[in-house]
file data-v6.pdb (PDB, C-alpha atoms and all ligand atoms)
ATOM      1  CA  MET A   1      19.436  -9.562 -11.609  1.00  0.00           C
ATOM      2  CA  GLY A   2      19.274  -7.293 -14.659  1.00  0.00           C
ATOM      3  CA  GLN A   3      21.719  -4.778 -13.233  1.00  0.00           C
ATOM      4  CA  ALA A   4      23.832  -4.809 -16.374  1.00  0.00           C
ATOM      5  CA  LYS A   5      21.269  -3.207 -18.628  1.00  0.00           C
ATOM      6  CA  ASN A   6      20.879   0.464 -19.153  1.00  0.00           C
ATOM      7  CA  ARG A   7      18.983   2.065 -16.314  1.00  0.00           C
ATOM      8  CA  GLY A   8      17.195   4.531 -18.553  1.00  0.00           C
ATOM      9  CA  THR A   9      15.866   7.877 -17.550  1.00  0.00           C
ATOM     10  CA  GLN A  10      14.337   8.636 -14.191  1.00  0.00           C
ATOM     11  CA  ALA A  11      10.901   8.744 -15.783  1.00  0.00           C
ATOM     12  CA  GLU A  12      11.456   5.282 -17.188  1.00  0.00           C
ATOM     13  CA  ARG A  13      12.578   4.012 -13.819  1.00  0.00           C
ATOM     14  CA  ILE A  14       9.508   5.457 -12.163  1.00  0.00           C
ATOM     15  CA  ALA A  15       7.323   3.859 -14.819  1.00  0.00           C
ATOM     16  CA  GLN A  16       9.051   0.542 -14.245  1.00  0.00           C
ATOM     17  CA  ALA A  17       8.568   0.838 -10.496  1.00  0.00           C
ATOM     18  CA  GLN A  18       4.897   1.580 -10.981  1.00  0.00           C
ATOM     19  CA  ALA A  19       4.547  -1.338 -13.364  1.00  0.00           C
ATOM     20  CA  LYS A  20       6.170  -3.575 -10.794  1.00  0.00           C
ATOM     21  CA  ILE A  21       3.710  -2.420  -8.163  1.00  0.00           C
ATOM     22  CA  GLU A  22       0.786  -2.847 -10.549  1.00  0.00           C
ATOM     23  CA  SER A  23       1.926  -6.398 -11.223  1.00  0.00           C
ATOM     24  CA  THR A  24       1.259  -7.224  -7.578  1.00  0.00           C
ATOM     25  CA  ARG A  25      -2.231  -5.720  -7.550  1.00  0.00           C
ATOM     26  CA  PRO A  26      -4.639  -8.315  -6.204  1.00  0.00           C
ATOM     27  CA  GLU A  27      -7.760  -8.943  -8.233  1.00  0.00           C
ATOM     28  CA  LYS A  28      -9.788  -8.495  -5.131  1.00  0.00           C
ATOM     29  CA  LEU A  29      -9.565  -8.487  -1.387  1.00  0.00           C
ATOM     30  CA  VAL A  30     -11.831 -10.188   1.087  1.00  0.00           C
ATOM     31  CA  CYS A  31     -13.380  -7.663   3.430  1.00  0.00           C
ATOM     32  CA  ASN A  32     -12.329  -8.047   7.060  1.00  0.00           C
ATOM     33  CA  GLY A  33     -15.714  -6.777   8.130  1.00  0.00           C
ATOM     34  CA  CYS A  34     -18.411  -8.464   6.069  1.00  0.00           C
ATOM     35  CA  GLY A  35     -16.390 -11.048   4.155  1.00  0.00           C
ATOM     36  CA  GLY A  36     -17.478  -9.645   0.828  1.00  0.00           C
ATOM     37  CA  ASP A  37     -15.342  -9.052  -2.209  1.00  0.00           C
ATOM     38  CA  VAL A  38     -13.535  -5.738  -2.312  1.00  0.00           C
ATOM     39  CA  THR A  39     -12.639  -4.700  -5.823  1.00  0.00           C
ATOM     40  CA  THR A  40     -11.930  -1.022  -5.197  1.00  0.00           C
ATOM     41  CA  ILE A  41      -8.244  -1.371  -4.449  1.00  0.00           C
ATOM     42  CA  ASN A  42      -5.650   1.371  -4.387  1.00  0.00           C
ATOM     43  CA  PRO A  43      -1.899   1.309  -3.888  1.00  0.00           C
ATOM     44  CA  VAL A  44      -0.432   2.873  -0.769  1.00  0.00           C
ATOM     45  CA  SER A  45       3.011   4.397  -0.517  1.00  0.00           C
ATOM     46  CA  THR A  46       5.503   2.020   1.033  1.00  0.00           C
ATOM     47  CA  ARG A  47       8.082   4.719   1.609  1.00  0.00           C
ATOM     48  CA  GLY A  48       9.982   4.022   4.792  1.00  0.00           C
ATOM     49  CA  LEU A  49       8.673   0.473   5.054  1.00  0.00           C
ATOM     50  CA  ARG A  50      11.729  -1.654   4.480  1.00  0.00           C
ATOM     51  CA  GLY A  51      11.086  -5.000   2.868  1.00  0.00           C
ATOM     52  CA  ILE A  52       7.585  -4.112   1.724  1.00  0.00           C
ATOM     53  CA  ASP A  53       7.130  -4.134  -2.032  1.00  0.00           C
ATOM     54  CA  ALA A  54       3.560  -2.982  -2.199  1.00  0.00           C
ATOM     55  CA  ILE A  55       0.611  -2.237   0.016  1.00  0.00           C
ATOM     56  CA  TRP A  56      -2.952  -2.251  -1.219  1.00  0.00           C
ATOM     57  CA  VAL A  57      -5.914  -0.821   0.533  1.00  0.00           C
ATOM     58  CA  GLY A  58      -9.434  -1.856  -0.332  1.00  0.00           C
ATOM     59  CA  GLN A  59     -12.480   0.128   0.660  1.00  0.00           C
ATOM     60  CA  CYS A  60     -15.544  -2.033   1.076  1.00  0.00           C
ATOM     61  CA  ASP A  61     -19.095  -0.826   0.627  1.00  0.00           C
ATOM     62  CA  CYS A  62     -19.681  -1.640   4.298  1.00  0.00           C
ATOM     63  CA  GLY A  63     -17.090   0.943   5.297  1.00  0.00           C
ATOM     64  CA  GLN A  64     -14.408  -1.492   6.401  1.00  0.00           C
ATOM     65  CA  THR A  65     -10.878  -0.930   5.168  1.00  0.00           C
ATOM     66  CA  THR A  66      -8.897  -4.002   4.235  1.00  0.00           C
ATOM     67  CA  PHE A  67      -5.193  -4.126   3.572  1.00  0.00           C
ATOM     68  CA  ALA A  68      -2.989  -6.386   1.531  1.00  0.00           C
ATOM     69  CA  ALA A  69       0.782  -6.260   1.477  1.00  0.00           C
ATOM     70  CA  SER A  70       3.483  -8.021  -0.461  1.00  0.00           C
ATOM     71  CA  GLY A  71       7.180  -8.209   0.146  1.00  0.00           C
ATOM     72  CA  GLU A  72       9.460 -10.008   2.530  1.00  0.00           C
ATOM     73  CA  PRO A  73       7.389 -12.263   4.792  1.00  0.00           C
ATOM     74  CA  ASN A  74       8.876 -10.798   7.960  1.00  0.00           C
ATOM     75  CA  ALA A  75       8.228  -7.251   6.809  1.00  0.00           C
ATOM     76  CA  VAL A  76       4.670  -8.060   5.794  1.00  0.00           C
ATOM     77  CA  GLU A  77       4.073  -9.714   9.130  1.00  0.00           C
ATOM     78  CA  ALA A  78       5.470  -6.727  10.973  1.00  0.00           C
ATOM     79  CA  PHE A  79       3.272  -4.410   8.927  1.00  0.00           C
ATOM     80  CA  PHE A  80       0.098  -6.241   9.816  1.00  0.00           C
ATOM     81  CA  PHE A  81       1.205  -6.520  13.426  1.00  0.00           C
ATOM     82  CA  ALA A  82       1.685  -2.761  13.540  1.00  0.00           C
ATOM     83  CA  LEU A  83      -1.763  -2.285  12.033  1.00  0.00           C
ATOM     84  CA  SER A  84      -3.372  -4.509  14.629  1.00  0.00           C
ATOM     85  CA  GLU A  85      -1.439  -2.866  17.438  1.00  0.00           C
ATOM     86  CA  ASN A  86      -2.323   0.662  16.534  1.00  0.00           C
ATOM     87  CA  THR A  87      -5.705   0.807  14.915  1.00  0.00           C
ATOM     88  CA  GLU A  88      -5.862   4.563  15.224  1.00  0.00           C
ATOM     89  CA  LEU A  89      -2.787   4.846  13.096  1.00  0.00           C
ATOM     90  CA  THR A  90      -4.072   2.767  10.227  1.00  0.00           C
ATOM     91  CA  LEU A  91      -3.362   3.972   6.769  1.00  0.00           C
ATOM     92  CA  GLY A  92      -6.958   5.032   6.544  1.00  0.00           C
ATOM     93  CA  ARG A  93      -5.768   8.410   7.737  1.00  0.00           C
ATOM     94  CA  GLN A  94      -4.543   9.537   4.394  1.00  0.00           C
ATOM     95  CA  GLU A  95      -5.736  13.072   4.179  1.00  0.00           C
ATOM     96  CA  LYS A  96      -3.234  15.153   2.328  1.00  0.00           C
ATOM     97  CA  ASP A  97      -1.342  17.754   4.226  1.00  0.00           C
ATOM     98  CA  GLY A  98      -3.241  20.954   4.169  1.00  0.00           C
ATOM     99  CA  ALA A  99      -6.588  19.298   3.626  1.00  0.00           C
ATOM    100  CA  GLY A 100      -8.902  19.319   6.555  1.00  0.00           C
ATOM    101  CA  HIS A 101      -7.092  22.080   8.372  1.00  0.00           C
ATOM    102  CA  GLU A 102      -9.469  24.138  10.360  1.00  0.00           C
ATOM    103  CA  THR A 103      -8.791  27.814  10.346  1.00  0.00           C
ATOM    104  CA  ALA A 104     -10.652  29.841  12.878  1.00  0.00           C
TER     105      ALA A 104
HETATM  106 ZN    ZN F   1     -17.320  -5.240   3.941  1.00  0.00          ZN
END
call {"tool": "encode", "arguments": {"input": "data-v6.pdb", "output": "structure tokens", "more": "lines below"}}
Ligand SMILES: [Zn+2]
result
Amino acid sequence: MGQAKNRGTQAERIAQAQAKIESTRPEKLVCNGCGGDVTTINPVSTRGLRGIDAIWVGQCDCGQTTFAASGEPNAVEAFFFALSENTELTLGRQEKDGAGHETA
């Protein structure tokens, strides 16, 4: 599985990880809302999601957010199940910490 080769620097490993994620980028997603093509697709952090290789989120012009995930079938299934179970906790809430804080 390529474990024998030199691992390289951390920067190289990060670049390789990003390249691996990019290799799974879908050309487009089909909007869950209007059925149109979604070509504005961004990667989402999969940290803490065991078995998930990559998650992509597409923002359609109609305002609907559509997800795609790749990885182990069971993990992908569980991810989408969690999304459907808890729509308020979708990854659409991605405001950075500190942004959107209201200070009186
Ligand atoms: Zn749409």
call {"tool": "closest_residue", "arguments": {"input": "data-v6.pdb", "among": "A:Ala19, A:Ile14, A:Gly71, A:Thr66", "to": "A:Thr39", "atoms": "all atoms listed in the file"}}
result
A:Thr66
call {"tool": "atom_distance", "arguments": {"input": "data-v6.pdb", "atom1": "atom CA of A:Gly33", "atom2": "atom CA of A:Asp61"}}
result
10.2 Å
call {"tool": "residues_near_ligand", "arguments": {"input": "data-v6.pdb", "ligand": "ligand ZN 1 (chain F)", "cutoff": "7 Å", "atoms": "all atoms listed in the file", "output": "JSON, numbers by chain"}}
result
{"A": [31, 32, 33, 34, 35, 36, 60, 61, 62, 63, 64]}
call {"tool": "residues_around", "arguments": {"input": "data-v6.pdb", "residues": "stretch 40-44 of chain A", "least_positions_apart": "5", "cutoff": "12 Å", "atoms": "all atoms listed in the file", "output": "JSON, numbers by chain"}}
result
{"A": [18, 19, 20, 21, 22, 23, 24, 25, 26, 27, 28, 29, 30, 31, 49, 52, 53, 54, 55, 56, 57, 58, 59, 60, 61, 63, 64, 65, 66, 67, 68, 69, 70, 90, 91, 92, 93, 94]}
call {"tool": "atom_distance", "arguments": {"input": "data-v6.pdb", "atom1": "atom CA of A:Phe81", "atom2": "atom CA of A:Ser45"}}
result
17.8 Å
call {"tool": "atom_distance", "arguments": {"input": "data-v6.pdb", "atom1": "atom CA of A:Arg13", "atom2": "atom CA of A:Ala75"}}
result
23.9 Å
